file structure-v5.tsv (TSV, C-alpha atoms)
chain	number	residue	atom	x	y	z
Y	1	MET	CA	-26.66	-13.15	23.47
Y	2	GLN	CA	-29.73	-12.04	25.39
Y	3	ARG	CA	-32.10	-14.56	26.86
Y	4	SER	CA	-35.89	-13.76	27.22
Y	5	LEU	CA	-37.86	-15.15	30.13
Y	6	GLY	CA	-41.55	-16.09	29.55
Y	7	ASP	CA	-44.29	-14.82	31.92
Y	8	ALA	CA	-46.20	-17.35	34.01
Y	9	ASP	CA	-49.50	-18.32	32.40
Y	10	LEU	CA	-51.87	-17.29	35.12
Y	11	LYS	CA	-54.90	-18.44	33.14
Y	12	SER	CA	-53.77	-22.04	33.39
Y	13	ARG	CA	-54.09	-22.07	37.13
Y	14	LYS	CA	-57.15	-23.94	38.37
Y	15	SER	CA	-57.82	-21.58	41.26
Y	16	LYS	CA	-57.51	-17.89	40.45
Y	17	PRO	CA	-56.41	-15.53	43.26
Y	18	ASN	CA	-58.64	-12.70	44.45
Y	19	VAL	CA	-57.91	-9.84	42.05
Y	20	ILE	CA	-57.99	-7.13	44.71
Y	21	GLY	CA	-55.90	-9.13	47.14
Y	22	PHE	CA	-53.33	-9.99	44.52
Y	23	ALA	CA	-53.12	-6.55	42.93
Y	24	GLY	CA	-52.20	-4.68	46.09
Y	25	PRO	CA	-48.80	-6.23	46.84
Y	26	PHE	CA	-48.13	-6.75	43.13
Y	27	LEU	CA	-48.56	-3.04	42.35
Y	28	GLY	CA	-46.46	-2.15	45.37
Y	29	ILE	CA	-43.60	-4.32	44.12
Y	30	MET	CA	-43.94	-2.94	40.61
Y	31	GLY	CA	-43.89	0.62	41.91
Y	32	MET	CA	-40.63	0.03	43.77
Y	33	ALA	CA	-39.13	-1.56	40.65
Y	34	VAL	CA	-40.04	1.51	38.60
Y	35	ILE	CA	-38.40	3.79	41.16
Y	36	VAL	CA	-35.19	1.72	41.23
Y	37	ALA	CA	-35.09	1.58	37.43
Y	38	ALA	CA	-35.58	5.35	37.19
Y	39	GLN	CA	-32.78	5.97	39.69
Y	40	GLY	CA	-30.45	3.68	37.76
Y	41	SER	CA	-31.31	5.39	34.50
Y	42	ALA	CA	-30.66	8.80	36.02
Y	43	GLY	CA	-27.24	7.65	37.18
Y	44	ARG	CA	-26.34	6.44	33.72
Y	45	GLY	CA	-27.51	9.55	31.92
Y	46	PRO	CA	-29.50	9.67	28.67
Y	47	GLN	CA	-29.32	6.61	26.46
Y	48	SER	CA	-28.60	7.17	22.77
Y	49	SER	CA	-29.99	4.98	20.04
Y	50	GLN	CA	-27.21	6.12	17.68
Y	51	PRO	CA	-24.42	3.57	16.94
Y	52	VAL	CA	-21.02	4.27	18.46
Y	53	SER	CA	-18.74	5.89	15.88
Y	54	ARG	CA	-15.86	3.62	14.91
Y	55	GLY	CA	-12.35	4.67	14.02
Y	56	ALA	CA	-11.58	5.97	10.58
Y	57	THR	CA	-10.20	3.98	7.63
Y	58	LEU	CA	-7.55	5.51	5.42
Y	59	THR	CA	-7.02	4.11	1.92
Y	60	TYR	CA	-4.11	4.71	-0.43
Y	61	ARG	CA	-4.42	3.62	-4.06
Y	62	HIS	CA	-1.87	3.90	-6.87
Y	63	ILE	CA	-2.77	2.92	-10.44
Y	64	PHE	CA	-0.04	3.08	-13.07
Y	65	LYS	CA	-0.72	1.09	-16.20
Y	66	GLY	CA	2.37	-0.41	-17.83
Y	67	SER	CA	4.42	-0.48	-14.59
Y	68	TYR	CA	4.97	-3.19	-12.01
Y	69	PRO	CA	2.84	-3.39	-10.07
Y	70	GLU	CA	0.06	-1.61	-11.93
Y	71	PHE	CA	-2.32	-1.58	-8.97
Y	72	VAL	CA	-1.54	-0.96	-5.30
Y	73	GLU	CA	-4.16	-0.44	-2.61
Y	74	ILE	CA	-3.58	-0.33	1.13
Y	75	LYS	CA	-6.23	0.20	3.80
Y	76	VAL	CA	-5.29	1.10	7.38
Y	77	ARG	CA	-7.68	1.38	10.30
Y	78	GLU	CA	-7.25	4.00	12.98
Y	79	ASP	CA	-8.41	1.72	15.82
Y	80	SER	CA	-6.78	-1.58	14.88
Y	81	ASP	CA	-3.51	-3.15	13.76
Y	82	ALA	CA	-5.50	-5.05	11.14
Y	83	ALA	CA	-4.90	-3.69	7.64
Y	84	THR	CA	-5.21	-4.99	4.06
Y	85	TYR	CA	-3.10	-4.73	0.94
Y	86	GLU	CA	-3.60	-5.54	-2.72
Y	87	ILE	CA	-0.65	-5.55	-5.12
Y	88	ARG	CA	-1.22	-6.82	-8.65
Y	89	GLN	CA	-1.41	-6.15	-12.36
Y	90	LEU	CA	-4.67	-4.68	-13.61
Y	91	ASP	CA	-5.59	-7.85	-15.51
Y	92	ASP	CA	-5.12	-10.05	-12.43
Y	93	ASP	CA	-8.00	-11.11	-10.23
Y	94	SER	CA	-8.69	-8.62	-7.46
Y	95	GLY	CA	-8.52	-9.57	-3.82
Y	96	ALA	CA	-7.07	-7.96	-0.71
Y	97	SER	CA	-4.86	-9.78	1.80
Y	98	PRO	CA	-4.50	-9.03	5.52
Y	99	PHE	CA	-1.39	-7.69	7.23
Y	100	THR	CA	-0.67	-5.57	10.30
Y	101	VAL	CA	0.42	-1.99	10.83
Y	102	ASP	CA	1.64	-1.25	14.35
Y	103	ALA	CA	0.27	1.59	16.47
Y	104	PRO	CA	3.24	4.02	16.20
Y	105	LEU	CA	3.14	4.00	12.40
Y	106	ARG	CA	-0.67	4.23	12.35
Y	107	THR	CA	-0.47	7.25	14.64
Y	108	LYS	CA	1.94	8.91	12.22
Y	109	ILE	CA	-0.27	8.06	9.23
Y	110	PHE	CA	-3.42	9.52	10.77
Y	111	ALA	CA	-1.58	12.58	12.09
Y	112	LEU	CA	-0.43	13.36	8.54
Y	113	ALA	CA	-3.98	12.86	7.27
Y	114	ALA	CA	-5.23	15.29	9.94
Y	115	GLU	CA	-2.67	17.87	8.77
Y	116	LEU	CA	-4.20	17.48	5.30
Y	117	ASN	CA	-7.68	18.16	6.76
Y	118	ARG	CA	-8.55	14.49	6.15
Y	119	PHE	CA	-8.35	15.34	2.42
Y	120	ALA	CA	-11.46	17.53	2.55
Y	121	GLY	CA	-11.19	20.39	0.05
Y	122	GLN	CA	-7.60	19.48	-0.89
Y	123	ASP	CA	-6.05	20.05	-4.32
Y	124	LEU	CA	-2.67	18.32	-4.22
Y	125	ASP	CA	-1.76	18.07	-7.90
Y	126	VAL	CA	1.04	20.33	-9.08
Y	127	LYS	CA	-0.13	23.04	-11.49
Y	128	ARG	CA	2.25	22.34	-14.31
Y	129	LYS	CA	2.78	19.66	-16.90
Y	130	VAL	CA	4.78	16.71	-15.61
Y	131	ALA	CA	5.28	13.12	-16.71
Y	132	ASN	CA	2.57	10.58	-15.94
Y	133	LEU	CA	3.59	8.93	-12.67
Y	134	GLY	CA	0.29	7.14	-12.11
Y	135	GLN	CA	-2.84	8.28	-10.33
Y	136	LYS	CA	-2.61	8.30	-6.56
Y	137	THR	CA	-5.63	8.50	-4.29
Y	138	PHE	CA	-6.01	9.24	-0.59
Y	139	ARG	CA	-9.43	8.39	0.86
Y	140	TRP	CA	-10.75	9.03	4.37
Y	141	GLU	CA	-13.82	7.16	5.62
Y	142	GLN	CA	-15.49	7.41	9.00
Y	143	GLY	CA	-19.15	6.58	8.90
Y	144	ALA	CA	-20.84	9.07	6.59
Y	145	ASP	CA	-17.75	11.30	6.60
Y	146	VAL	CA	-15.91	10.49	3.35
Y	147	HIS	CA	-13.24	12.60	1.62
Y	148	GLU	CA	-11.01	11.70	-1.33
Y	149	VAL	CA	-8.27	13.44	-3.29
Y	150	ASN	CA	-6.47	12.33	-6.48
Y	151	PHE	CA	-3.13	13.47	-7.83
Y	152	ASN	CA	-0.34	12.54	-10.21
Y	153	TYR	CA	2.48	14.57	-8.65
Y	154	THR	CA	2.46	16.86	-5.65
Y	155	LEU	CA	4.81	19.25	-3.89
Y	156	ASN	CA	2.86	19.09	-0.63
Y	157	ALA	CA	5.27	17.90	2.06
Y	158	GLN	CA	2.68	16.06	4.20
Y	159	ALA	CA	1.13	14.35	1.17
Y	160	ASN	CA	4.55	13.22	-0.05
Y	161	GLN	CA	5.47	11.87	3.38
Y	162	LEU	CA	2.18	9.98	3.60
Y	163	MET	CA	2.59	8.62	0.08
Y	164	HIS	CA	6.12	7.38	0.84
Y	165	ILE	CA	4.88	5.54	3.93
Y	166	PHE	CA	2.19	3.74	1.92
Y	167	GLU	CA	4.52	3.00	-0.98
Y	168	GLY	CA	7.00	1.64	1.56
Y	169	LEU	CA	4.35	-0.63	3.08
Y	170	ALA	CA	3.56	-1.91	-0.41
Y	171	THR	CA	7.26	-2.59	-1.09
Y	172	GLN	CA	7.60	-4.32	2.27
Y	173	GLN	CA	4.63	-6.62	1.67
Y	174	ASP	CA	5.81	-7.38	-1.88
Y	175	ASP	CA	9.26	-8.29	-0.52
Y	176	LEU	CA	7.74	-10.49	2.17
Y	177	THR	CA	5.33	-12.37	-0.10
Y	178	THR	CA	8.10	-12.93	-2.65
Y	179	LEU	CA	10.38	-14.29	0.07
Y	180	GLN	CA	7.68	-16.58	1.47
Y	181	ARG	CA	6.88	-17.88	-2.01
Y	182	ARG	CA	10.55	-18.62	-2.68
Y	183	ILE	CA	10.91	-20.45	0.64
Y	184	LYS	CA	7.99	-22.68	-0.32
Y	185	TYR	CA	8.49	-23.20	-4.05
Y	186	ASP	CA	11.97	-22.02	-5.10
Y	187	ARG	CA	14.60	-22.39	-2.39
Y	188	LEU	CA	17.38	-21.63	-4.88
Y	189	GLY	CA	15.76	-18.26	-5.49
Y	190	VAL	CA	15.69	-17.26	-1.81
Y	191	ASN	CA	19.04	-15.47	-2.01
Y	192	ASP	CA	17.81	-13.22	-4.84
Y	193	ALA	CA	14.79	-12.24	-2.73
Y	194	LEU	CA	17.10	-11.48	0.19
Y	195	LEU	CA	19.27	-9.29	-2.02
Y	196	GLN	CA	16.20	-7.24	-2.90
Y	197	ILE	CA	15.32	-6.84	0.78
Y	198	GLU	CA	18.90	-5.78	1.50
Y	199	LYS	CA	18.67	-3.15	-1.26
Y	200	ASP	CA	15.37	-1.83	0.10
Y	201	LEU	CA	16.83	-1.62	3.61
Y	202	ASP	CA	19.82	0.29	2.26
Y	203	GLU	CA	17.45	2.79	0.64
Y	204	ASP	CA	15.35	3.05	3.82
Y	205	LEU	CA	12.18	2.02	1.98
Y	206	LEU	CA	10.69	-0.36	4.55
Y	207	PRO	CA	8.58	1.34	7.26
Y	208	GLU	CA	8.34	-1.71	9.54
Y	209	PRO	CA	11.17	-4.12	8.62
Y	210	GLN	CA	10.58	-6.07	11.83
Y	211	GLU	CA	7.64	-7.67	10.02
Y	212	LEU	CA	10.22	-9.62	7.98
Y	213	LEU	CA	11.96	-11.15	10.99
Y	214	ALA	CA	9.92	-14.36	11.22
Y	215	ALA	CA	10.70	-15.27	7.59
Y	216	LEU	CA	14.38	-14.31	7.97
Y	217	ASP	CA	14.73	-16.42	11.12
Y	218	GLN	CA	13.07	-19.34	9.36
Y	219	ILE	CA	15.59	-19.15	6.53
Y	220	GLY	CA	18.52	-18.88	8.92
Y	221	LEU	CA	17.57	-22.21	10.50
Y	222	ASP	CA	16.54	-24.09	7.35
Y	223	SER	CA	19.25	-26.55	6.32
Y	224	ARG	CA	17.53	-27.10	2.96
Y	225	ILE	CA	18.43	-23.57	1.86
Y	226	VAL	CA	21.90	-22.79	0.52
Y	227	ASP	CA	24.44	-21.50	3.04
Y	228	VAL	CA	24.92	-18.11	1.40
Y	229	ALA	CA	21.22	-17.35	1.74
Y	230	ARG	CA	21.11	-18.60	5.32
Y	231	ARG	CA	24.04	-16.37	6.26
Y	232	ARG	CA	22.50	-13.37	4.51
Y	233	ALA	CA	19.17	-13.94	6.29
Y	234	ARG	CA	20.90	-14.01	9.69
Y	235	VAL	CA	22.83	-10.81	8.92
Y	236	LEU	CA	19.66	-9.03	7.78
Y	237	ALA	CA	17.77	-10.18	10.87
Y	238	GLU	CA	20.50	-8.86	13.15
Y	239	ARG	CA	20.57	-5.59	11.23
Y	240	ILE	CA	16.83	-5.15	11.71
Y	241	ARG	CA	16.97	-6.03	15.40
Y	242	SER	CA	19.90	-3.70	16.07
Y	243	PRO	CA	19.58	-0.79	13.64
Y	244	LYS	CA	22.39	1.73	13.51
Y	245	GLU	CA	21.52	5.23	14.64
Y	246	LYS	CA	21.15	7.69	11.76
call {"tool": "encode", "arguments": {"input": "structure-v5.tsv", "output": "structure tokens"}}
result
Amino acid sequence: MQRSLGDADLKSRKSKPNVIGFAGPFLGIMGMAVIVAAQGSAGRGPQSSQPVSRGATLTYRHIFKGSYPEFVEIKVREDSDAATYEIRQLDDDSGASPFTVDAPLRTKIFALAAELNRFAGQDLDVKRKVANLGQKTFRWEQGADVHEVNFNYTLNAQANQLMHIFEGLATQQDDLTTLQRRIKYDRLGVNDALLQIEKDLDEDLLPEPQELLAALDQIGLDSRIVDVARRRARVLAERIRSPKEK
């Protein structure tokens, strides 16, 4: 926050100084200040009034009426771990929730987007009749630079890899929110949620399974939860911390 300093009100003084006597040293001081300011400005180079460009935002959206979930949207920022997700049925109230995407995965996501020319001029949809698998959208935004591409099914390798990462993030967040809800409201249902997580790990669907560790550790220590679920949570946590080499 910048503070502004008021000038002294010379008119309020009862005895005014001689104008010529006052102006001489005053102008000399001001002249030196101008020289110093000019030297400092030259050292810094030209100053731009344009705002600094921020990192890009990449959005993935999947709409598939009649499925579960019907609506998935994930937004990832290039310059921040902060991301948002929205997973719901189309009739539900909209509203995104925060989560985090770590730097290594973000780097991979934005590298794939770069290989796809940030979706500018892309036509990803396969040119033959296939079943309706829901409309997918990739959207790149960076200031005024906005590009978007829609597709139902694609054979493009980079697009498929990027789609699987986003779908995996959606699965991961759905697993986590389900588990957290069961811990709070349905402790008998915790084991079923853990079985789903185990299945998703087996199928290598979760891009950042370490994000589940806090909830798994909580279950492992919670005596109010049945023993079978507590044991399963501890096994899953150890599996995530010490993954087997593929």
call {"tool": "closest_residue", "arguments": {"input": "structure-v5.tsv", "among": "Y:Gln122, Y:Gln180, Y:Asn191, Y:Thr84", "to": "Ala159 (chain Y)", "atoms": "all atoms listed in the file"}}
result
Y:Gln122
call {"tool": "closest_atom_pairs", "arguments": {"input": "structure-v5.tsv", "of": "region 103-197 of chain Y", "to": "region 87-97 of chain Y", "cutoff": "9 Å", "atoms": "all atoms listed in the file", "output": "CSV"}}
result
residue,atom,partner,partner_atom,distance
Y:Ala170,CA,Y:Ile87,CA,7.3
Y:Gln173,CA,Y:Ile87,CA,8.7
Y:Asp174,CA,Y:Ile87,CA,7.5
call {"tool": "atom_distance", "arguments": {"input": "structure-v5.tsv", "atom1": "CA of Arg139 (chain Y)", "atom2": "CA of Pro98 (chain Y)"}}
result
18.7 Å
call {"tool": "residues_around", "arguments": {"input": "structure-v5.tsv", "residues": "Leu212 (chain Y)", "least_positions_apart": "6", "cutoff": "12 Å", "atoms": "only C-alpha atoms", "output": "PyMOL selection string"}}
result
chain Y and resi 99-100+169+171-180+193-194+197-198+201+206+218-219+233-234+236-241
call {"tool": "residues_around", "arguments": {"input": "structure-v5.tsv", "residues": "Phe110 (chain Y)", "least_positions_apart": "6", "cutoff": "12 Å", "atoms": "all atoms listed in the file", "output": "PyMOL selection string"}}
result
chain Y and resi 55-59+75-79+103-104+116-119+138-141+158-159+161-162+165-166
call {"tool": "residues_near_point", "arguments": {"input": "structure-v5.tsv", "point": "(3.3, -1.5, -17.3)", "cutoff": "12 Å", "atoms": "only C-alpha atoms", "output": "PyMOL selection string"}}
result
chain Y and resi 63-71+88-91+133-134
call {"tool": "atom_distance", "arguments": {"input": "structure-v5.tsv", "atom1": "CA of Ala229 (chain Y)", "atom2": "CA of Leu216 (chain Y)"}}
result
9.7 Å
call {"tool": "closest_residue", "arguments": {"input": "structure-v5.tsv", "among": "Y:Val149, Y:Leu155, Y:Leu213, Y:Ile225", "to": "Ile183 (chain Y)", "atoms": "all atoms listed in the file"}}
result
Y:Ile225
call {"tool": "atom_distance", "arguments": {"input": "structure-v5.tsv", "atom1": "CA of Gln142 (chain Y)", "atom2": "CA of Ala157 (chain Y)"}}
result
24.3 Å
call {"tool": "axis_aligned_box", "arguments": {"input": "structure-v5.tsv", "around": "region 151-162 of chain Y", "padding_each_side": "5 Å", "output": "AutoDock Vina command-line options"}}
result
--center_x 1.2 --center_y 14.6 --center_z -3.0 --size_x 18.6 --size_y 19.3 --size_z 24.4
call {"tool": "closest_residue", "arguments": {"input": "structure-v5.tsv", "among": "Y:Arg181, Y:Arg61, Y:Arg106, Y:Arg187", "to": "Thr137 (chain Y)", "atoms": "all atoms listed in the file"}}
result
Y:Arg61
call {"tool": "closest_residue", "arguments": {"input": "structure-v5.tsv", "among": "Y:Arg231, Y:His147, Y:Arg182, Y:Lys136", "to": "His62 (chain Y)", "atoms": "only C-alpha atoms"}}
result
Y:Lys136
call {"tool": "closest_residue", "arguments": {"input": "structure-v5.tsv", "among": "Y:Ala144, Y:Glu167, Y:Phe151, Y:Gly121", "to": "Val72 (chain Y)", "atoms": "only C-alpha atoms"}}
result
Y:Glu167
call {"tool": "closest_residue", "arguments": {"input": "structure-v5.tsv", "among": "Y:Asp102, Y:Glu73, Y:Asp222, Y:Glu86", "to": "Val190 (chain Y)", "atoms": "all atoms listed in the file"}}
result
Y:Asp222
call {"tool": "build_atoms", "arguments": {"input": "structure-v5.tsv", "residues": "region 156-192 of chain Y", "atoms": "N, CA and C atoms", "output": "PDB file, in the coordinates of the input"}}
result
ATOM      1  N   ASN Y 156       3.287  18.981  -2.024  1.00  0.00           N
ATOM      2  CA  ASN Y 156       2.860  19.090  -0.630  1.00  0.00           C
ATOM      3  C   ASN Y 156       3.695  18.149   0.240  1.00  0.00           C
ATOM      4  N   ALA Y 157       4.338  18.686   1.248  1.00  0.00           N
ATOM      5  CA  ALA Y 157       5.270  17.900   2.060  1.00  0.00           C
ATOM      6  C   ALA Y 157       4.557  16.781   2.819  1.00  0.00           C
ATOM      7  N   GLN Y 158       3.406  17.083   3.433  1.00  0.00           N
ATOM      8  CA  GLN Y 158       2.680  16.060   4.200  1.00  0.00           C
ATOM      9  C   GLN Y 158       2.160  14.953   3.286  1.00  0.00           C
ATOM     10  N   ALA Y 159       1.647  15.354   2.105  1.00  0.00           N
ATOM     11  CA  ALA Y 159       1.130  14.350   1.170  1.00  0.00           C
ATOM     12  C   ALA Y 159       2.256  13.446   0.678  1.00  0.00           C
ATOM     13  N   ASN Y 160       3.415  14.026   0.403  1.00  0.00           N
ATOM     14  CA  ASN Y 160       4.550  13.220  -0.050  1.00  0.00           C
ATOM     15  C   ASN Y 160       5.023  12.269   1.043  1.00  0.00           C
ATOM     16  N   GLN Y 161       5.047  12.740   2.280  1.00  0.00           N
ATOM     17  CA  GLN Y 161       5.470  11.870   3.380  1.00  0.00           C
ATOM     18  C   GLN Y 161       4.492  10.714   3.554  1.00  0.00           C
ATOM     19  N   LEU Y 162       3.195  11.027   3.478  1.00  0.00           N
ATOM     20  CA  LEU Y 162       2.180   9.980   3.600  1.00  0.00           C
ATOM     21  C   LEU Y 162       2.267   8.992   2.449  1.00  0.00           C
ATOM     22  N   MET Y 163       2.458   9.499   1.240  1.00  0.00           N
ATOM     23  CA  MET Y 163       2.590   8.620   0.080  1.00  0.00           C
ATOM     24  C   MET Y 163       3.790   7.691   0.218  1.00  0.00           C
ATOM     25  N   HIS Y 164       4.913   8.212   0.698  1.00  0.00           N
ATOM     26  CA  HIS Y 164       6.120   7.380   0.840  1.00  0.00           C
ATOM     27  C   HIS Y 164       5.921   6.280   1.880  1.00  0.00           C
ATOM     28  N   ILE Y 165       5.168   6.583   2.934  1.00  0.00           N
ATOM     29  CA  ILE Y 165       4.880   5.540   3.930  1.00  0.00           C
ATOM     30  C   ILE Y 165       4.073   4.409   3.284  1.00  0.00           C
ATOM     31  N   PHE Y 166       3.032   4.764   2.557  1.00  0.00           N
ATOM     32  CA  PHE Y 166       2.190   3.740   1.920  1.00  0.00           C
ATOM     33  C   PHE Y 166       2.951   2.976   0.838  1.00  0.00           C
ATOM     34  N   GLU Y 167       3.726   3.679   0.038  1.00  0.00           N
ATOM     35  CA  GLU Y 167       4.520   3.000  -0.980  1.00  0.00           C
ATOM     36  C   GLU Y 167       5.544   2.066  -0.319  1.00  0.00           C
ATOM     37  N   GLY Y 168       6.073   2.498   0.828  1.00  0.00           N
ATOM     38  CA  GLY Y 168       7.000   1.640   1.560  1.00  0.00           C
ATOM     39  C   GLY Y 168       6.325   0.399   2.109  1.00  0.00           C
ATOM     40  N   LEU Y 169       5.100   0.545   2.609  1.00  0.00           N
ATOM     41  CA  LEU Y 169       4.350  -0.630   3.080  1.00  0.00           C
ATOM     42  C   LEU Y 169       4.088  -1.598   1.934  1.00  0.00           C
ATOM     43  N   ALA Y 170       3.791  -1.055   0.752  1.00  0.00           N
ATOM     44  CA  ALA Y 170       3.560  -1.910  -0.410  1.00  0.00           C
ATOM     45  C   ALA Y 170       4.846  -2.655  -0.789  1.00  0.00           C
ATOM     46  N   THR Y 171       5.971  -1.950  -0.793  1.00  0.00           N
ATOM     47  CA  THR Y 171       7.260  -2.590  -1.090  1.00  0.00           C
ATOM     48  C   THR Y 171       7.569  -3.664  -0.074  1.00  0.00           C
ATOM     49  N   GLN Y 172       7.330  -3.372   1.190  1.00  0.00           N
ATOM     50  CA  GLN Y 172       7.600  -4.320   2.270  1.00  0.00           C
ATOM     51  C   GLN Y 172       6.779  -5.589   2.117  1.00  0.00           C
ATOM     52  N   GLN Y 173       5.485  -5.438   1.828  1.00  0.00           N
ATOM     53  CA  GLN Y 173       4.630  -6.620   1.670  1.00  0.00           C
ATOM     54  C   GLN Y 173       4.997  -7.396   0.406  1.00  0.00           C
ATOM     55  N   ASP Y 174       5.382  -6.697  -0.659  1.00  0.00           N
ATOM     56  CA  ASP Y 174       5.810  -7.380  -1.880  1.00  0.00           C
ATOM     57  C   ASP Y 174       7.085  -8.178  -1.622  1.00  0.00           C
ATOM     58  N   ASP Y 175       8.017  -7.577  -0.882  1.00  0.00           N
ATOM     59  CA  ASP Y 175       9.260  -8.290  -0.520  1.00  0.00           C
ATOM     60  C   ASP Y 175       8.947  -9.535   0.309  1.00  0.00           C
ATOM     61  N   LEU Y 176       8.048  -9.377   1.272  1.00  0.00           N
ATOM     62  CA  LEU Y 176       7.740 -10.490   2.170  1.00  0.00           C
ATOM     63  C   LEU Y 176       7.031 -11.626   1.441  1.00  0.00           C
ATOM     64  N   THR Y 177       6.044 -11.312   0.612  1.00  0.00           N
ATOM     65  CA  THR Y 177       5.330 -12.370  -0.100  1.00  0.00           C
ATOM     66  C   THR Y 177       6.242 -13.067  -1.105  1.00  0.00           C
ATOM     67  N   THR Y 178       7.134 -12.304  -1.735  1.00  0.00           N
ATOM     68  CA  THR Y 178       8.100 -12.930  -2.650  1.00  0.00           C
ATOM     69  C   THR Y 178       9.002 -13.886  -1.891  1.00  0.00           C
ATOM     70  N   LEU Y 179       9.492 -13.442  -0.737  1.00  0.00           N
ATOM     71  CA  LEU Y 179      10.380 -14.290   0.070  1.00  0.00           C
ATOM     72  C   LEU Y 179       9.654 -15.543   0.528  1.00  0.00           C
ATOM     73  N   GLN Y 180       8.431 -15.407   1.008  1.00  0.00           N
ATOM     74  CA  GLN Y 180       7.680 -16.580   1.470  1.00  0.00           C
ATOM     75  C   GLN Y 180       7.396 -17.551   0.334  1.00  0.00           C
ATOM     76  N   ARG Y 181       7.126 -17.023  -0.841  1.00  0.00           N
ATOM     77  CA  ARG Y 181       6.880 -17.880  -2.010  1.00  0.00           C
ATOM     78  C   ARG Y 181       8.150 -18.631  -2.402  1.00  0.00           C
ATOM     79  N   ARG Y 182       9.285 -17.946  -2.336  1.00  0.00           N
ATOM     80  CA  ARG Y 182      10.550 -18.620  -2.680  1.00  0.00           C
ATOM     81  C   ARG Y 182      10.889 -19.711  -1.659  1.00  0.00           C
ATOM     82  N   ILE Y 183      10.644 -19.441  -0.395  1.00  0.00           N
ATOM     83  CA  ILE Y 183      10.910 -20.450   0.640  1.00  0.00           C
ATOM     84  C   ILE Y 183      10.111 -21.724   0.347  1.00  0.00           C
ATOM     85  N   LYS Y 184       8.880 -21.543  -0.113  1.00  0.00           N
ATOM     86  CA  LYS Y 184       7.990 -22.680  -0.320  1.00  0.00           C
ATOM     87  C   LYS Y 184       8.222 -23.391  -1.645  1.00  0.00           C
ATOM     88  N   TYR Y 185       8.479 -22.601  -2.719  1.00  0.00           N
ATOM     89  CA  TYR Y 185       8.490 -23.200  -4.050  1.00  0.00           C
ATOM     90  C   TYR Y 185       9.837 -23.107  -4.784  1.00  0.00           C
ATOM     91  N   ASP Y 186      10.738 -22.258  -4.335  1.00  0.00           N
ATOM     92  CA  ASP Y 186      11.970 -22.020  -5.100  1.00  0.00           C
ATOM     93  C   ASP Y 186      13.104 -21.666  -4.142  1.00  0.00           C
ATOM     94  N   ARG Y 187      13.587 -22.672  -3.407  1.00  0.00           N
ATOM     95  CA  ARG Y 187      14.600 -22.390  -2.390  1.00  0.00           C
ATOM     96  C   ARG Y 187      15.892 -21.845  -2.991  1.00  0.00           C
ATOM     97  N   LEU Y 188      16.180 -22.182  -4.239  1.00  0.00           N
ATOM     98  CA  LEU Y 188      17.380 -21.630  -4.880  1.00  0.00           C
ATOM     99  C   LEU Y 188      17.234 -20.140  -5.160  1.00  0.00           C
ATOM    100  N   GLY Y 189      15.990 -19.678  -5.231  1.00  0.00           N
ATOM    101  CA  GLY Y 189      15.760 -18.260  -5.490  1.00  0.00           C
ATOM    102  C   GLY Y 189      15.666 -17.406  -4.238  1.00  0.00           C
ATOM    103  N   VAL Y 190      15.809 -18.008  -3.070  1.00  0.00           N
ATOM    104  CA  VAL Y 190      15.690 -17.260  -1.810  1.00  0.00           C
ATOM    105  C   VAL Y 190      16.744 -16.167  -1.724  1.00  0.00           C
ATOM    106  N   ASN Y 191      17.974 -16.470  -2.140  1.00  0.00           N
ATOM    107  CA  ASN Y 191      19.040 -15.470  -2.010  1.00  0.00           C
ATOM    108  C   ASN Y 191      18.750 -14.219  -2.835  1.00  0.00           C
ATOM    109  N   ASP Y 192      18.165 -14.386  -4.020  1.00  0.00           N
ATOM    110  CA  ASP Y 192      17.810 -13.220  -4.840  1.00  0.00           C
ATOM    111  C   ASP Y 192      16.772 -12.347  -4.124  1.00  0.00           C
TER     112      ASP Y 192
END
